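Asks: Please see the structure below; I have some questions.
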Amino acid sequence: GHLFKSRKPRDQSNRQKHGYGRLQSLENGMRNVTVNIQGQSPYSQSKMHEAEKLPKERPDDYEVRTWREKCTTNKKGEVVIPAMALKFSLSAAAKKLGMQIPGRGKATYTKYFEADVICLENAPLGVQKEDVDLVRINANSDGVRGSGKRVWRTFPIINEWKTTASFMIMDDTITKDVFEEVFTAAGMGIGIGRFRPEKGGVNGRFVATSFDWAD
């Protein structure tokens, strides 16, 4: 006899139907929204950089010379909020709120914000890297609170700021109301940048002045 039983071919039309249905639901569920954002507290960046040290340059002098390299900029040298910073802020807010999806038991919106919301591009702040202000703080040398040795660190800071950011939402489980509620929570309780509320700080808080939905 045969070692392997022949299996019935799967219902091709059924498989195609389900695949097509998923694609259709993705297309139907996609939404774009442009958000006008107003900063509510100073925004400070701390991008890792690899600017070379000069021969025999002391750490303090290196910090004073290179602090502007901690800015994230576009090709024009304009300071921008990284798209991923805004996305991560929304995901963290969704997780913190723990809002349950109606009719889905205990399922929450968290995984939908993690997987189905994209910030489409970095958000420009209208400030050139050369013109950005600085803040000097007494910080732990390893960045861990209460760990011991302290050093002076210098960071870029923008005291008053506003921008516009565009988002794509790829699953209609996230309704307009839910997105706006999570965005509001992100602005007040999570924030963006160095020393933001999520990390016990006060910087990088924001509000939406308008949501422009592309229907």
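Residue numbering restarts at 1 for every chain of the structure tokens, chains are lettered A, B, ... in their displayed order, and ligands are numbered from 1 as they appear.
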I want to know what sits within 8 Å of Glu121 of chain A, based on only C-alpha atoms, with residues of the same chain fewer than 3 positions away left out; could you give that as a PyMOL selection string?
Replies: chain A and resi 82-83+165-166
Asks: Would you put the residues from that selection into a file with all heavy atoms, as a compact mmCIF listing (two decimals), in the first residue's frame?
Replies:
# COMPACT_ATOMS: atom_id res chain seq x y z
N PRO A 82 11.06 62.50 15.88
CA PRO A 82 11.06 61.23 15.14
C PRO A 82 9.66 60.62 15.09
O PRO A 82 8.94 60.62 16.11
CB PRO A 82 12.02 60.34 15.95
CG PRO A 82 12.84 61.29 16.76
CD PRO A 82 11.96 62.48 17.03
N ALA A 83 9.27 60.14 13.92
CA ALA A 83 7.95 59.50 13.76
C ALA A 83 7.75 58.39 14.80
O ALA A 83 6.66 58.24 15.36
CB ALA A 83 7.82 58.95 12.34
N ALA A 165 1.58 66.27 12.45
CA ALA A 165 1.99 64.88 12.21
C ALA A 165 0.86 64.12 11.53
O ALA A 165 -0.32 64.35 11.82
CB ALA A 165 2.36 64.20 13.53
N SER A 166 1.23 63.24 10.60
CA SER A 166 0.24 62.44 9.87
C SER A 166 0.34 60.98 10.28
O SER A 166 1.44 60.43 10.38
CB SER A 166 0.46 62.57 8.37
OG SER A 166 0.28 63.91 7.96
Asks: Among segment 23-187 of chain A, which residues carry a DSSP assignment of helix (DSSP H, G or I), reported as a PyMOL selection string?
Replies: chain A and resi 23-29+59-70+83-97+110-116+129-131+176-187
Asks: So which one's closest to Phe206 of chain A, A:Lys96, A:Lys176, A:Lys162, A:Lys75? Using only C-alpha atoms, please.
Replies: A:Lys162
Asks: With DSSP run on the backbone, what are the strand (DSSP E or B) residues within segment 38-204 of chain A? I'd like them as a PyMOL selection string.
Replies: chain A and resi 38-39+43-44+73+78-81+100+108+117-119+123-128+133-140+150-158+162-169
Asks: Considering only C-alpha atoms, return as a list in words whatever protein or nucleic-acid residues lie within 10 Å of Asp131 of chain A, sequence-local ones (same chain, fewer than 5 positions apart) excluded.
Replies: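 In the requested format, the answer is Arg68, Glu78, Val79, Pro156 and Ile158 of chain A.
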Asks: Taking all heavy atoms for each residue, export the selection above as a PDB file, in the first residue's frame.
Replies:
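Output file part_30.pdb is given in full below:
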ATOM      1  N   ARG A  68      24.755  69.725  20.409  1.00  0.00           N
ATOM      2  CA  ARG A  68      23.759  69.890  19.330  1.00  0.00           C
ATOM      3  C   ARG A  68      23.577  68.608  18.514  1.00  0.00           C
ATOM      4  O   ARG A  68      22.545  68.440  17.844  1.00  0.00           O
ATOM      5  CB  ARG A  68      24.171  71.026  18.387  1.00  0.00           C
ATOM      6  CG  ARG A  68      24.048  72.405  19.002  1.00  0.00           C
ATOM      7  CD  ARG A  68      24.391  73.490  17.991  1.00  0.00           C
ATOM      8  NE  ARG A  68      24.634  74.763  18.642  1.00  0.00           N
ATOM      9  CZ  ARG A  68      23.677  75.618  18.981  1.00  0.00           C
ATOM     10  NH1 ARG A  68      22.413  75.338  18.721  1.00  0.00           N
ATOM     11  NH2 ARG A  68      23.983  76.758  19.572  1.00  0.00           N
ATOM     12  N   GLU A  78      16.800  71.109  10.079  1.00  0.00           N
ATOM     13  CA  GLU A  78      15.682  71.500  10.942  1.00  0.00           C
ATOM     14  C   GLU A  78      15.427  70.381  11.957  1.00  0.00           C
ATOM     15  O   GLU A  78      15.434  69.199  11.608  1.00  0.00           O
ATOM     16  CB  GLU A  78      14.444  71.705  10.062  1.00  0.00           C
ATOM     17  CG  GLU A  78      13.203  72.132  10.783  1.00  0.00           C
ATOM     18  CD  GLU A  78      12.020  72.255   9.824  1.00  0.00           C
ATOM     19  OE1 GLU A  78      12.138  71.824   8.646  1.00  0.00           O
ATOM     20  OE2 GLU A  78      10.979  72.765  10.252  1.00  0.00           O
ATOM     21  N   VAL A  79      15.218  70.765  13.211  1.00  0.00           N
ATOM     22  CA  VAL A  79      14.942  69.770  14.253  1.00  0.00           C
ATOM     23  C   VAL A  79      13.565  69.153  14.010  1.00  0.00           C
ATOM     24  O   VAL A  79      12.594  69.861  13.707  1.00  0.00           O
ATOM     25  CB  VAL A  79      15.009  70.398  15.663  1.00  0.00           C
ATOM     26  CG1 VAL A  79      14.756  69.339  16.735  1.00  0.00           C
ATOM     27  CG2 VAL A  79      16.374  71.054  15.888  1.00  0.00           C
ATOM     28  N   PRO A 156      19.883  69.692  24.053  1.00  0.00           N
ATOM     29  CA  PRO A 156      19.085  70.680  23.320  1.00  0.00           C
ATOM     30  C   PRO A 156      17.683  70.753  23.914  1.00  0.00           C
ATOM     31  O   PRO A 156      17.144  69.735  24.364  1.00  0.00           O
ATOM     32  CB  PRO A 156      19.056  70.122  21.890  1.00  0.00           C
ATOM     33  CG  PRO A 156      19.378  68.668  22.009  1.00  0.00           C
ATOM     34  CD  PRO A 156      20.170  68.485  23.261  1.00  0.00           C
ATOM     35  N   ILE A 158      13.732  72.881  23.313  1.00  0.00           N
ATOM     36  CA  ILE A 158      12.874  73.835  22.600  1.00  0.00           C
ATOM     37  C   ILE A 158      11.726  74.149  23.545  1.00  0.00           C
ATOM     38  O   ILE A 158      10.913  73.266  23.872  1.00  0.00           O
ATOM     39  CB  ILE A 158      12.368  73.234  21.269  1.00  0.00           C
ATOM     40  CG1 ILE A 158      13.554  72.919  20.359  1.00  0.00           C
ATOM     41  CG2 ILE A 158      11.409  74.199  20.579  1.00  0.00           C
ATOM     42  CD1 ILE A 158      13.198  72.142  19.108  1.00  0.00           C
TER      43      ILE A 158
END
Asks: Mind giving me the straight-line distance from atom CA of Ala214 of chain A to atom CA of Val117 of chain A in Å, one decimal?
Replies: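 Between these atoms lies a distance of 15.0 Å.
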Asks: Which residue, A:Phe155, A:Tyr43, A:Phe179, A:Phe211, has the smallest gap to Arg196 of chain A when you use only C-alpha atoms?
Replies: A:Tyr43
Asks: Can you list, as number ranges by chain, every protein, DNA or RNA residue that comes within 8 Å of segment 45-56 of chain A when you count only C-alpha atoms, leaving out same-chain residues fewer than 2 positions away?
Replies: A: 43, 58, 62, 66, 69-72, 155-157, 193-194
Asks: Which residue gives the smallest distance to Ile118 of chain A among A:Thr175, A:Ser89, A:Ser44, A:Thr163, with only C-alpha atoms counted?
Replies: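 Looking at the shortest contact to Ile118 of chain A, the residue is A:Ser89.
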Asks: Just want the 6 Å neighbourhood of segment 135-143 of chain A, counted on only C-alpha atoms, with same-chain residues fewer than 6 positions away dropped. Output as a ChimeraX atom specification.
Replies: /A:149-155
Asks: If we count only C-alpha atoms and set the cut-off at 12 Å, which residues sit around Ala185 of chain A, ignoring sequence neighbours fewer than 6 positions away in its own chain? Please answer as a list in words.
Replies: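 These residues fall inside the cut-off: Ser89, Leu90, Ser91, Ala92, Ala93, Ala94, Lys95, Lys96, Leu97, Gly98, Met99, Val178, Phe179, Gly191, Pro197, Glu198, Arg205, Phe206, Val207 and Ala208 of chain A.
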Asks: For Thr34 of chain A, work out the shell of residues within 10 Å, counting only C-alpha atoms and skipping chain neighbours fewer than 2 positions away, then give it as a list in words.
Replies: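 Everything that qualifies: Asn32, Asn36, Ile37, Cys119, Leu120, Thr164, Ala165, Ser166, Phe167, Met168, Ser210, Phe211, Asp212, Trp213 and Ala214 of chain A.
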Asks: Compare A:Val202, A:Ile101, A:Ile192, A:Ile169 by their minimum atom-to-atom distance to Ala115 of chain A, counting only C-alpha atoms, and give me the closest one.
Replies: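 The answer is A:Ile169, which sits nearest to Ala115 of chain A.
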Asks: Would you please work out which residue, of A:Trp161, A:Arg145, A:Thr108, A:Pro59, is nearest to Val132 of chain A when using only C-alpha atoms?
Replies: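 Of A:Trp161, A:Arg145, A:Thr108, A:Pro59, the one nearest Val132 of chain A is A:Trp161, counting only C-alpha atoms.
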